[in-house]
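Note: the block below is model17.txt and it holds compact mmCIF, N, CA and C atoms.
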# COMPACT_ATOMS: atom_id res chain seq x y z
N MET C 96 266.18 229.02 53.42
CA MET C 96 266.97 228.14 54.23
C MET C 96 267.16 228.77 55.61
N ILE C 97 267.06 227.98 56.66
CA ILE C 97 267.23 228.44 58.03
C ILE C 97 268.72 228.50 58.36
N GLU C 98 269.14 229.64 58.93
CA GLU C 98 270.53 229.76 59.36
C GLU C 98 270.69 229.11 60.72
N VAL C 99 271.75 228.36 60.91
CA VAL C 99 272.05 227.74 62.19
C VAL C 99 273.29 228.42 62.76
N TYR C 100 273.21 228.82 64.01
CA TYR C 100 274.31 229.52 64.65
C TYR C 100 274.96 228.60 65.66
N PRO C 101 276.27 228.63 65.74
CA PRO C 101 276.94 227.77 66.71
C PRO C 101 276.63 228.22 68.13
N ILE C 102 276.71 227.27 69.05
CA ILE C 102 276.55 227.59 70.46
C ILE C 102 277.69 228.53 70.85
N ASP C 103 277.43 229.41 71.81
CA ASP C 103 278.38 230.45 72.22
C ASP C 103 278.65 231.41 71.07
N SER C 104 277.60 231.83 70.40
CA SER C 104 277.79 232.72 69.25
C SER C 104 277.29 234.13 69.56
N GLU C 105 277.57 235.00 68.63
CA GLU C 105 277.13 236.38 68.68
C GLU C 105 276.04 236.53 67.62
N ILE C 106 274.80 236.83 68.05
CA ILE C 106 273.69 236.94 67.09
C ILE C 106 273.37 238.39 66.73
N SER C 107 274.10 239.35 67.29
CA SER C 107 273.83 240.76 67.00
C SER C 107 273.91 241.02 65.50
N GLY C 108 272.81 241.54 64.94
CA GLY C 108 272.75 241.84 63.52
C GLY C 108 272.41 240.66 62.63
N SER C 109 272.10 239.50 63.22
CA SER C 109 271.80 238.30 62.44
C SER C 109 270.29 238.12 62.29
N ALA C 110 269.90 237.07 61.61
CA ALA C 110 268.49 236.73 61.44
C ALA C 110 267.84 236.30 62.75
N LEU C 111 268.63 236.04 63.80
CA LEU C 111 268.09 235.68 65.10
C LEU C 111 267.97 236.88 66.05
N ASP C 112 268.41 238.03 65.63
CA ASP C 112 268.39 239.24 66.44
C ASP C 112 267.03 239.93 66.29
N PRO C 113 266.23 240.02 67.37
CA PRO C 113 264.89 240.62 67.25
C PRO C 113 264.91 242.09 66.85
N ALA C 114 265.90 242.85 67.28
CA ALA C 114 265.99 244.25 66.88
C ALA C 114 266.27 244.36 65.39
N HIS C 115 267.17 243.54 64.90
CA HIS C 115 267.53 243.53 63.47
C HIS C 115 266.33 243.11 62.62
N VAL C 116 265.64 242.07 63.04
CA VAL C 116 264.51 241.55 62.27
C VAL C 116 263.34 242.54 62.28
N SER C 117 263.06 243.14 63.44
CA SER C 117 261.90 244.03 63.57
C SER C 117 262.11 245.42 62.98
N LEU C 118 263.30 245.97 63.12
CA LEU C 118 263.53 247.36 62.76
C LEU C 118 264.30 247.57 61.46
N GLY C 119 264.96 246.55 60.95
CA GLY C 119 265.66 246.72 59.69
C GLY C 119 267.14 246.48 59.79
N ASN C 120 267.78 246.55 58.65
CA ASN C 120 269.17 246.12 58.51
C ASN C 120 270.17 246.87 59.37
N GLU C 121 269.98 248.15 59.63
CA GLU C 121 270.98 248.89 60.41
C GLU C 121 270.85 248.63 61.90
N TRP C 122 269.68 248.23 62.37
CA TRP C 122 269.43 248.05 63.79
C TRP C 122 269.82 246.67 64.27
N ARG C 123 270.25 246.60 65.53
CA ARG C 123 270.66 245.32 66.11
C ARG C 123 270.70 245.44 67.63
N MET C 124 270.83 244.28 68.30
CA MET C 124 271.06 244.29 69.74
C MET C 124 272.53 244.60 69.98
N PRO C 125 272.85 245.24 71.10
CA PRO C 125 274.26 245.47 71.40
C PRO C 125 274.96 244.16 71.77
N THR C 126 276.26 244.13 71.59
CA THR C 126 277.07 242.99 72.02
C THR C 126 277.33 243.13 73.52
N LEU C 127 277.81 242.06 74.12
CA LEU C 127 278.20 242.12 75.54
C LEU C 127 279.28 243.17 75.75
N ALA C 128 280.23 243.25 74.83
CA ALA C 128 281.30 244.25 74.94
C ALA C 128 280.73 245.67 74.93
N GLU C 129 279.72 245.92 74.11
CA GLU C 129 279.10 247.25 74.06
C GLU C 129 278.32 247.56 75.34
N CYS C 130 277.65 246.55 75.90
CA CYS C 130 276.95 246.74 77.17
C CYS C 130 277.94 247.06 78.28
N THR C 131 279.04 246.32 78.31
CA THR C 131 280.07 246.55 79.32
C THR C 131 280.67 247.94 79.16
N GLU C 132 280.93 248.35 77.93
CA GLU C 132 281.47 249.68 77.67
C GLU C 132 280.52 250.76 78.17
N LEU C 133 279.22 250.59 77.93
CA LEU C 133 278.22 251.55 78.40
C LEU C 133 278.27 251.65 79.92
N MET C 134 278.32 250.51 80.59
CA MET C 134 278.34 250.51 82.05
C MET C 134 279.61 251.14 82.61
N GLU C 135 280.75 250.87 81.98
CA GLU C 135 282.02 251.36 82.50
C GLU C 135 282.29 252.81 82.17
N ASN C 136 281.73 253.32 81.08
CA ASN C 136 282.05 254.67 80.63
C ASN C 136 280.95 255.70 80.83
N CYS C 137 279.84 255.29 81.43
CA CYS C 137 278.73 256.21 81.64
C CYS C 137 278.35 256.24 83.10
N SER C 138 277.80 257.37 83.52
CA SER C 138 277.21 257.43 84.85
C SER C 138 275.71 257.19 84.70
N HIS C 139 275.04 256.97 85.80
CA HIS C 139 273.60 256.76 85.74
C HIS C 139 272.97 257.22 87.04
N ARG C 140 271.68 257.48 86.96
CA ARG C 140 270.94 257.78 88.18
C ARG C 140 269.53 257.27 88.05
N VAL C 141 269.03 256.75 89.16
CA VAL C 141 267.67 256.22 89.21
C VAL C 141 266.71 257.40 89.36
N LEU C 142 265.65 257.39 88.55
CA LEU C 142 264.66 258.45 88.62
C LEU C 142 263.34 257.98 88.02
N THR C 143 262.34 258.83 88.14
CA THR C 143 261.05 258.58 87.50
C THR C 143 260.87 259.64 86.43
N TYR C 144 260.59 259.21 85.21
CA TYR C 144 260.43 260.12 84.07
C TYR C 144 259.03 259.88 83.48
N ASN C 145 258.22 260.92 83.44
CA ASN C 145 256.83 260.82 82.96
C ASN C 145 256.09 259.66 83.63
N GLY C 146 256.31 259.49 84.94
CA GLY C 146 255.62 258.47 85.69
C GLY C 146 256.18 257.07 85.57
N VAL C 147 257.33 256.91 84.89
CA VAL C 147 257.94 255.60 84.67
C VAL C 147 259.27 255.54 85.42
N ALA C 148 259.42 254.55 86.29
CA ALA C 148 260.68 254.36 87.03
C ALA C 148 261.73 253.79 86.09
N GLY C 149 262.96 254.25 86.24
CA GLY C 149 264.05 253.75 85.40
C GLY C 149 265.37 254.38 85.77
N ALA C 150 266.31 254.29 84.86
CA ALA C 150 267.64 254.86 85.07
C ALA C 150 267.99 255.75 83.87
N LEU C 151 268.49 256.91 84.17
CA LEU C 151 269.00 257.81 83.13
C LEU C 151 270.50 257.54 83.03
N VAL C 152 270.95 257.07 81.87
CA VAL C 152 272.35 256.76 81.64
C VAL C 152 272.96 257.95 80.89
N ILE C 153 274.08 258.46 81.41
CA ILE C 153 274.66 259.70 80.90
C ILE C 153 276.10 259.44 80.45
N ALA C 154 276.37 259.72 79.17
CA ALA C 154 277.72 259.57 78.62
C ALA C 154 278.55 260.81 78.93
N ASP C 155 279.87 260.67 78.83
CA ASP C 155 280.78 261.80 79.07
C ASP C 155 280.49 262.97 78.14
N ASN C 156 280.01 262.69 76.92
CA ASN C 156 279.74 263.77 75.97
C ASN C 156 278.37 264.41 76.19
N GLY C 157 277.63 263.97 77.21
CA GLY C 157 276.34 264.56 77.54
C GLY C 157 275.15 263.82 76.94
N ASN C 158 275.38 262.88 76.04
CA ASN C 158 274.27 262.09 75.50
C ASN C 158 273.64 261.27 76.61
N THR C 159 272.33 261.10 76.52
CA THR C 159 271.61 260.33 77.54
C THR C 159 270.66 259.33 76.89
N ILE C 160 270.34 258.30 77.66
CA ILE C 160 269.29 257.35 77.29
C ILE C 160 268.58 256.96 78.58
N PHE C 161 267.26 256.91 78.51
CA PHE C 161 266.46 256.49 79.66
C PHE C 161 266.10 255.02 79.47
N LEU C 162 266.46 254.19 80.44
CA LEU C 162 266.15 252.77 80.39
C LEU C 162 265.14 252.46 81.48
N PRO C 163 263.89 252.21 81.09
CA PRO C 163 262.84 251.96 82.09
C PRO C 163 263.04 250.65 82.83
N PHE C 164 262.56 250.62 84.06
CA PHE C 164 262.52 249.38 84.84
C PHE C 164 261.26 248.63 84.40
N SER C 165 261.37 247.99 83.27
CA SER C 165 260.21 247.37 82.63
C SER C 165 260.04 245.90 83.00
N GLY C 166 260.81 245.42 83.98
CA GLY C 166 260.66 244.06 84.45
C GLY C 166 261.11 243.03 83.44
N THR C 167 260.71 241.80 83.67
CA THR C 167 260.96 240.69 82.75
C THR C 167 259.70 239.87 82.66
N ARG C 168 259.63 239.03 81.66
CA ARG C 168 258.48 238.14 81.48
C ARG C 168 258.98 236.73 81.74
N ARG C 169 258.44 236.10 82.77
CA ARG C 169 258.96 234.80 83.19
C ARG C 169 257.88 233.73 83.12
N SER C 170 258.31 232.52 82.82
CA SER C 170 257.39 231.39 82.83
C SER C 170 258.18 230.13 83.15
N THR C 171 257.47 229.10 83.52
CA THR C 171 258.07 227.80 83.75
C THR C 171 257.22 226.77 83.03
N TYR C 172 257.65 225.54 83.05
CA TYR C 172 256.86 224.52 82.38
C TYR C 172 255.53 224.27 83.08
N THR C 173 255.36 224.76 84.31
CA THR C 173 254.10 224.56 85.03
C THR C 173 253.28 225.84 85.18
N HIS C 174 253.83 226.99 84.82
CA HIS C 174 253.12 228.26 85.00
C HIS C 174 253.12 229.07 83.71
N ALA C 175 252.03 229.76 83.49
CA ALA C 175 251.91 230.64 82.33
C ALA C 175 252.84 231.85 82.50
N PRO C 176 253.25 232.47 81.39
CA PRO C 176 254.12 233.64 81.49
C PRO C 176 253.48 234.76 82.30
N GLN C 177 254.30 235.43 83.08
CA GLN C 177 253.83 236.59 83.82
C GLN C 177 254.90 237.68 83.78
N HIS C 178 254.43 238.91 83.77
CA HIS C 178 255.33 240.05 83.79
C HIS C 178 255.65 240.35 85.25
N VAL C 179 256.92 240.35 85.60
CA VAL C 179 257.31 240.56 87.00
C VAL C 179 258.33 241.69 87.13
N HIS C 180 258.39 242.27 88.30
CA HIS C 180 259.36 243.30 88.68
C HIS C 180 259.25 244.59 87.88
N ILE C 181 258.07 244.87 87.36
CA ILE C 181 257.85 246.15 86.66
C ILE C 181 258.02 247.27 87.67
N GLY C 182 258.79 248.29 87.30
CA GLY C 182 259.07 249.41 88.19
C GLY C 182 260.18 249.15 89.18
N VAL C 183 260.73 247.92 89.16
CA VAL C 183 261.77 247.54 90.11
C VAL C 183 263.09 247.26 89.42
N GLU C 184 263.04 246.63 88.23
CA GLU C 184 264.26 246.29 87.50
C GLU C 184 264.01 246.32 86.00
N GLY C 185 265.09 246.46 85.27
CA GLY C 185 265.07 246.33 83.82
C GLY C 185 266.27 245.50 83.40
N VAL C 186 266.04 244.50 82.57
CA VAL C 186 267.12 243.66 82.08
C VAL C 186 267.09 243.74 80.56
N TYR C 187 268.20 244.16 79.97
CA TYR C 187 268.30 244.39 78.53
C TYR C 187 269.26 243.39 77.92
N MET C 188 268.76 242.59 77.00
CA MET C 188 269.50 241.48 76.40
C MET C 188 270.56 241.98 75.42
N SER C 189 271.70 241.29 75.42
CA SER C 189 272.72 241.55 74.41
C SER C 189 272.63 240.44 73.36
N GLY C 190 273.39 240.56 72.32
CA GLY C 190 273.42 239.53 71.28
C GLY C 190 274.42 238.42 71.56
N THR C 191 274.99 238.41 72.76
CA THR C 191 276.03 237.45 73.11
C THR C 191 275.43 236.34 73.98
N SER C 192 275.69 235.08 73.59
CA SER C 192 275.15 233.96 74.34
C SER C 192 276.26 233.03 74.80
N GLU C 193 275.89 232.12 75.67
CA GLU C 193 276.84 231.15 76.22
C GLU C 193 276.12 229.82 76.41
N TYR C 194 276.83 228.74 76.19
CA TYR C 194 276.28 227.39 76.37
C TYR C 194 276.78 226.84 77.70
N GLU C 195 275.87 226.30 78.48
CA GLU C 195 276.23 225.80 79.80
C GLU C 195 275.69 224.39 79.99
N THR C 196 276.48 223.54 80.60
CA THR C 196 276.02 222.19 80.97
C THR C 196 276.35 221.97 82.42
N GLY C 197 275.65 221.05 83.05
CA GLY C 197 275.93 220.77 84.44
C GLY C 197 275.00 219.71 84.98
N GLU C 198 274.99 219.61 86.30
CA GLU C 198 274.13 218.64 86.97
C GLU C 198 273.53 219.31 88.19
N GLU C 199 272.24 219.09 88.38
CA GLU C 199 271.55 219.64 89.53
C GLU C 199 270.53 218.62 90.01
N ASP C 200 270.55 218.34 91.28
CA ASP C 200 269.63 217.36 91.88
C ASP C 200 269.66 216.02 91.16
N GLY C 201 270.84 215.61 90.72
CA GLY C 201 270.99 214.32 90.05
C GLY C 201 270.60 214.30 88.59
N PHE C 202 270.22 215.45 88.03
CA PHE C 202 269.84 215.52 86.63
C PHE C 202 270.85 216.35 85.86
N GLU C 203 271.23 215.88 84.70
CA GLU C 203 272.12 216.65 83.83
C GLU C 203 271.28 217.64 83.02
N TYR C 204 271.87 218.79 82.77
CA TYR C 204 271.16 219.79 81.96
C TYR C 204 272.13 220.45 81.00
N SER C 205 271.57 221.04 79.98
CA SER C 205 272.32 221.90 79.07
C SER C 205 271.37 223.00 78.62
N MET C 206 271.90 224.21 78.55
CA MET C 206 271.06 225.32 78.13
C MET C 206 271.91 226.43 77.53
N ILE C 207 271.26 227.19 76.70
CA ILE C 207 271.88 228.39 76.14
C ILE C 207 271.38 229.56 76.96
N THR C 208 272.29 230.38 77.43
CA THR C 208 271.93 231.56 78.19
C THR C 208 272.40 232.80 77.45
N ALA C 209 271.76 233.92 77.75
CA ALA C 209 272.09 235.17 77.08
C ALA C 209 272.61 236.17 78.10
N TYR C 210 273.62 236.92 77.71
CA TYR C 210 274.12 238.00 78.54
C TYR C 210 273.22 239.21 78.37
N GLY C 211 273.11 239.97 79.43
CA GLY C 211 272.34 241.19 79.37
C GLY C 211 272.88 242.19 80.37
N MET C 212 272.25 243.34 80.38
CA MET C 212 272.62 244.43 81.27
C MET C 212 271.44 244.65 82.19
N GLY C 213 271.67 244.62 83.49
CA GLY C 213 270.59 244.78 84.46
C GLY C 213 270.73 246.06 85.26
N LEU C 214 269.59 246.71 85.49
CA LEU C 214 269.53 247.90 86.32
C LEU C 214 268.37 247.72 87.28
N ASP C 215 268.48 248.29 88.49
CA ASP C 215 267.35 248.19 89.40
C ASP C 215 267.23 249.42 90.28
N LYS C 216 266.12 249.48 91.03
CA LYS C 216 265.81 250.65 91.85
C LYS C 216 266.79 250.87 92.99
N ASP C 217 267.57 249.83 93.33
CA ASP C 217 268.58 249.96 94.38
C ASP C 217 269.91 250.46 93.82
N ASP C 218 269.91 250.95 92.58
CA ASP C 218 271.06 251.56 91.93
C ASP C 218 272.13 250.55 91.52
N ASN C 219 271.75 249.29 91.32
CA ASN C 219 272.67 248.30 90.78
C ASN C 219 272.68 248.39 89.27
N PHE C 220 273.83 248.29 88.67
CA PHE C 220 274.02 248.35 87.22
C PHE C 220 275.03 247.25 86.91
N ILE C 221 274.56 246.08 86.45
CA ILE C 221 275.40 244.90 86.36
C ILE C 221 275.21 244.14 85.06
N ILE C 222 276.16 243.30 84.74
CA ILE C 222 276.02 242.34 83.64
C ILE C 222 275.37 241.09 84.23
N VAL C 223 274.36 240.57 83.54
CA VAL C 223 273.65 239.37 84.00
C VAL C 223 273.74 238.30 82.93
N LEU C 224 273.54 237.07 83.34
CA LEU C 224 273.51 235.93 82.44
C LEU C 224 272.23 235.17 82.77
N LEU C 225 271.26 235.20 81.85
CA LEU C 225 269.95 234.61 82.10
C LEU C 225 269.52 233.71 80.96
N ASN C 226 268.71 232.74 81.29
CA ASN C 226 268.07 231.92 80.27
C ASN C 226 267.06 232.80 79.53
N PRO C 227 266.98 232.73 78.21
CA PRO C 227 266.03 233.56 77.47
C PRO C 227 264.58 233.37 77.89
N ILE C 228 264.27 232.32 78.65
CA ILE C 228 262.91 232.13 79.14
C ILE C 228 262.48 233.29 80.03
N PHE C 229 263.45 234.06 80.55
CA PHE C 229 263.14 235.18 81.41
C PHE C 229 262.60 236.39 80.64
N GLY C 230 262.58 236.36 79.35
CA GLY C 230 261.97 237.43 78.57
C GLY C 230 262.58 238.79 78.82
N MET C 231 263.85 238.93 78.49
CA MET C 231 264.54 240.20 78.68
C MET C 231 264.08 241.22 77.65
N ASN C 232 264.29 242.48 77.97
CA ASN C 232 263.97 243.58 77.06
C ASN C 232 265.06 243.70 76.00
N VAL C 233 264.73 244.36 74.90
CA VAL C 233 265.69 244.61 73.83
C VAL C 233 265.85 246.12 73.68
N ARG C 234 267.10 246.57 73.72
CA ARG C 234 267.43 247.99 73.51
C ARG C 234 268.21 248.07 72.20
N PRO C 235 267.52 248.40 71.10
CA PRO C 235 268.20 248.41 69.80
C PRO C 235 269.30 249.48 69.73
N VAL C 236 270.33 249.18 68.98
CA VAL C 236 271.40 250.14 68.70
C VAL C 236 271.61 250.20 67.18
N ILE C 237 272.24 251.26 66.77
CA ILE C 237 272.58 251.43 65.36
C ILE C 237 274.00 251.97 65.29
N ASP C 238 274.79 251.49 64.36
CA ASP C 238 276.16 251.99 64.22
C ASP C 238 276.14 253.39 63.65
N LYS C 239 277.08 254.22 64.12
CA LYS C 239 277.20 255.58 63.59
C LYS C 239 277.54 255.51 62.11
N GLN C 240 276.94 256.36 61.34
CA GLN C 240 277.17 256.40 59.89
C GLN C 240 278.39 257.24 59.57
Output the structure of this file as structure tokens.
Amino acid sequence: MIEVYPIDSEISGSALDPAHVSLGNEWRMPTLAECTELMENCSHRVLTYNGVAGALVIADNGNTIFLPFSGTRRSTYTHAPQHVHIGVEGVYMSGTSEYETGEEDGFEYSMITAYGMGLDKDDNFIIVLLNPIFGMNVRPVIDKQ
């Protein structure tokens, strides 16, 4: 049976979470709250590691994680998917989504968007809200045992 999740839901650790599905039961995407906590409680610096541009995120306890500027994969209904902004930005998806409706150019729309964490070569470290069509990266997390 297919699980249906309500709009504005948290999919971290669910059957819709790519980290959970690909890596196993303990792995999952971080929540928006966890992404925000990482940004607020860690320092970071832009650097190149083994020839790959990215950001080294450093926790107060000295733990580090390197997040590459791996770009995003974007497409539209008229263009094939393309990988863009490699070496310039990295956007990492959270398991938190939001439902949005509105009107643009006389047309009504509704879409589900996903929160993520964005980093770029200009030293920006921000929370972003993007349509999943942008092909954000996944940074799996695991709860401490």
Point to revise | Secondary structure check, alpha helix (DSSP H) residues of stretch 99-224 of chain C, as JSON, numbers by chain | key: {"C": [113, 114, 115, 116, 117, 118, 127, 128, 129, 130, 131, 132, 133, 134, 135, 136]}
Got a sec: who's within 6 Å of stretch 225-239 of chain C, counting only C-alpha atoms, leaving out chain neighbours fewer than 2 positions off, as a PDB file with N, CA and C atoms, in the coordinates of the input?
ATOM      1  N   ALA C 114     265.900 242.850  67.280  1.00  0.00           N
ATOM      2  CA  ALA C 114     265.990 244.250  66.880  1.00  0.00           C
ATOM      3  C   ALA C 114     266.270 244.360  65.390  1.00  0.00           C
ATOM      4  N   GLU C 121     269.980 248.150  59.630  1.00  0.00           N
ATOM      5  CA  GLU C 121     270.980 248.890  60.410  1.00  0.00           C
ATOM      6  C   GLU C 121     270.850 248.630  61.900  1.00  0.00           C
ATOM      7  N   TRP C 122     269.680 248.230  62.370  1.00  0.00           N
ATOM      8  CA  TRP C 122     269.430 248.050  63.790  1.00  0.00           C
ATOM      9  C   TRP C 122     269.820 246.670  64.270  1.00  0.00           C
ATOM     10  N   ARG C 123     270.250 246.600  65.530  1.00  0.00           N
ATOM     11  CA  ARG C 123     270.660 245.320  66.110  1.00  0.00           C
ATOM     12  C   ARG C 123     270.700 245.440  67.630  1.00  0.00           C
ATOM     13  N   MET C 124     270.830 244.280  68.300  1.00  0.00           N
ATOM     14  CA  MET C 124     271.060 244.290  69.740  1.00  0.00           C
ATOM     15  C   MET C 124     272.530 244.600  69.980  1.00  0.00           C
ATOM     16  N   THR C 167     260.710 241.800  83.670  1.00  0.00           N
ATOM     17  CA  THR C 167     260.960 240.690  82.750  1.00  0.00           C
ATOM     18  C   THR C 167     259.700 239.870  82.660  1.00  0.00           C
ATOM     19  N   ARG C 168     259.630 239.030  81.660  1.00  0.00           N
ATOM     20  CA  ARG C 168     258.480 238.140  81.480  1.00  0.00           C
ATOM     21  C   ARG C 168     258.980 236.730  81.740  1.00  0.00           C
ATOM     22  N   ARG C 169     258.440 236.100  82.770  1.00  0.00           N
ATOM     23  CA  ARG C 169     258.960 234.800  83.190  1.00  0.00           C
ATOM     24  C   ARG C 169     257.880 233.730  83.120  1.00  0.00           C
ATOM     25  N   VAL C 186     266.040 244.500  82.570  1.00  0.00           N
ATOM     26  CA  VAL C 186     267.120 243.660  82.080  1.00  0.00           C
ATOM     27  C   VAL C 186     267.090 243.740  80.560  1.00  0.00           C
ATOM     28  N   TYR C 187     268.200 244.160  79.970  1.00  0.00           N
ATOM     29  CA  TYR C 187     268.300 244.390  78.530  1.00  0.00           C
ATOM     30  C   TYR C 187     269.260 243.390  77.920  1.00  0.00           C
ATOM     31  N   MET C 188     268.760 242.590  77.000  1.00  0.00           N
ATOM     32  CA  MET C 188     269.500 241.480  76.400  1.00  0.00           C
ATOM     33  C   MET C 188     270.560 241.980  75.420  1.00  0.00           C
ATOM     34  N   THR C 208     272.290 230.380  77.430  1.00  0.00           N
ATOM     35  CA  THR C 208     271.930 231.560  78.190  1.00  0.00           C
ATOM     36  C   THR C 208     272.400 232.800  77.450  1.00  0.00           C
ATOM     37  N   ALA C 209     271.760 233.920  77.750  1.00  0.00           N
ATOM     38  CA  ALA C 209     272.090 235.170  77.080  1.00  0.00           C
ATOM     39  C   ALA C 209     272.610 236.170  78.100  1.00  0.00           C
TER      40      ALA C 209
END
Exercise for review: Just the residues within 8 Å of C:Leu142, please, counting all atoms listed in the file, with nothing from its chain fewer than 5 positions along; format it as a VMD selection string.
Suggested key: chain C and resid 147 to 151 216
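Compared by their closest atoms to C:Tyr210, and using only N, CA and C atoms, the residues C:Thr126, C:Thr196, C:Arg140, C:Ala154 rank with C:Thr126 nearest.
Of the residues under consideration (C:Ala175, C:Gly197, C:Gly190, C:Leu224), C:Gly190 shows the shortest atom-to-atom contact distance to C:Ala128 when counting all atoms listed in the file.
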Exercise for review: Apply DSSP to the backbone of this structure and, from stretch 173-230 of chain C, keep only the residues in strand (DSSP E or B); write these as JSON, numbers by chain.
Suggested key: {"C": [174, 175, 176, 177, 178, 179, 180, 181, 184, 185, 186, 187, 188, 189, 190, 191, 192, 193, 194, 195, 196, 197, 198, 199, 202, 203, 204, 205, 206, 207, 208, 209, 210, 211, 212, 213, 214, 215, 220, 221, 222, 223, 224, 225]}
Review point. So how far away is atom CA of C:Pro113 from atom CA of C:Gly211, in Å?
Key: 14.2 Å
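From atom CA of C:Val152 back to atom N of C:Cys137, the distance works out to 7.6 Å.
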Would you compute, for all listed atoms of stretch 112-128 of chain C, the axis-aligned bounding box grown by 8 Å on each side, and then report its centre and edge lengths in Å rounded to one decimal, as JSON?
{"center_x": 271.6, "center_y": 243.5, "center_z": 67.1, "size_x": 35.4, "size_y": 26.9, "size_z": 33.2}
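Residue nearest C:Met212 within the list C:His178, C:Thr131, C:Tyr144, C:Ile160: C:Thr131 [criterion: smallest interatomic distance, only N, CA and C atoms].
Reported to one decimal place, the separation of atom CA of C:Ser165 from atom CA of C:Ser109 is 25.0 Å.
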Revision key, fill the gap. Using all atoms listed in the file, the residue out of C:Glu129, C:Glu193, C:Glu135, C:Asp112 with shortest distance to C:Ile207 is C:Glu193
Model the absent atoms of stretch 131-145 of chain C so that N, CA, C and O atoms are present, and write the result as a compact mmCIF listing (two decimals), in the frame of the given file.
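Result file is rebuild-v2.txt:
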# COMPACT_ATOMS: atom_id res chain seq x y z
N THR C 131 279.04 246.32 78.31
CA THR C 131 280.07 246.55 79.32
C THR C 131 280.67 247.94 79.16
O THR C 131 280.88 248.66 80.15
N GLU C 132 280.93 248.35 77.93
CA GLU C 132 281.47 249.68 77.67
C GLU C 132 280.52 250.76 78.17
O GLU C 132 280.94 251.75 78.79
N LEU C 133 279.22 250.59 77.93
CA LEU C 133 278.22 251.55 78.40
C LEU C 133 278.27 251.65 79.92
O LEU C 133 278.28 252.75 80.48
N MET C 134 278.32 250.51 80.59
CA MET C 134 278.34 250.51 82.05
C MET C 134 279.61 251.14 82.61
O MET C 134 279.56 251.86 83.61
N GLU C 135 280.75 250.87 81.98
CA GLU C 135 282.02 251.36 82.50
C GLU C 135 282.29 252.81 82.17
O GLU C 135 283.02 253.49 82.91
N ASN C 136 281.73 253.32 81.08
CA ASN C 136 282.05 254.67 80.63
C ASN C 136 280.95 255.70 80.83
O ASN C 136 281.11 256.85 80.42
N CYS C 137 279.84 255.29 81.43
CA CYS C 137 278.73 256.21 81.64
C CYS C 137 278.35 256.24 83.10
O CYS C 137 278.54 255.27 83.82
N SER C 138 277.80 257.37 83.52
CA SER C 138 277.21 257.43 84.85
C SER C 138 275.71 257.19 84.70
O SER C 138 275.18 257.19 83.59
N HIS C 139 275.04 256.97 85.80
CA HIS C 139 273.60 256.76 85.74
C HIS C 139 272.97 257.22 87.04
O HIS C 139 273.65 257.35 88.06
N ARG C 140 271.68 257.48 86.96
CA ARG C 140 270.94 257.78 88.18
C ARG C 140 269.53 257.27 88.05
O ARG C 140 268.93 257.30 86.98
N VAL C 141 269.03 256.75 89.16
CA VAL C 141 267.67 256.22 89.21
C VAL C 141 266.71 257.40 89.36
O VAL C 141 266.94 258.30 90.16
N LEU C 142 265.65 257.39 88.55
CA LEU C 142 264.66 258.45 88.62
C LEU C 142 263.34 257.98 88.02
O LEU C 142 263.24 256.89 87.46
N THR C 143 262.34 258.83 88.14
CA THR C 143 261.05 258.58 87.50
C THR C 143 260.87 259.64 86.43
O THR C 143 261.01 260.84 86.70
N TYR C 144 260.59 259.21 85.21
CA TYR C 144 260.43 260.12 84.07
C TYR C 144 259.03 259.88 83.48
O TYR C 144 258.71 258.76 83.10
N ASN C 145 258.22 260.92 83.44
CA ASN C 145 256.83 260.82 82.96
C ASN C 145 256.09 259.66 83.63
O ASN C 145 255.36 258.91 82.99
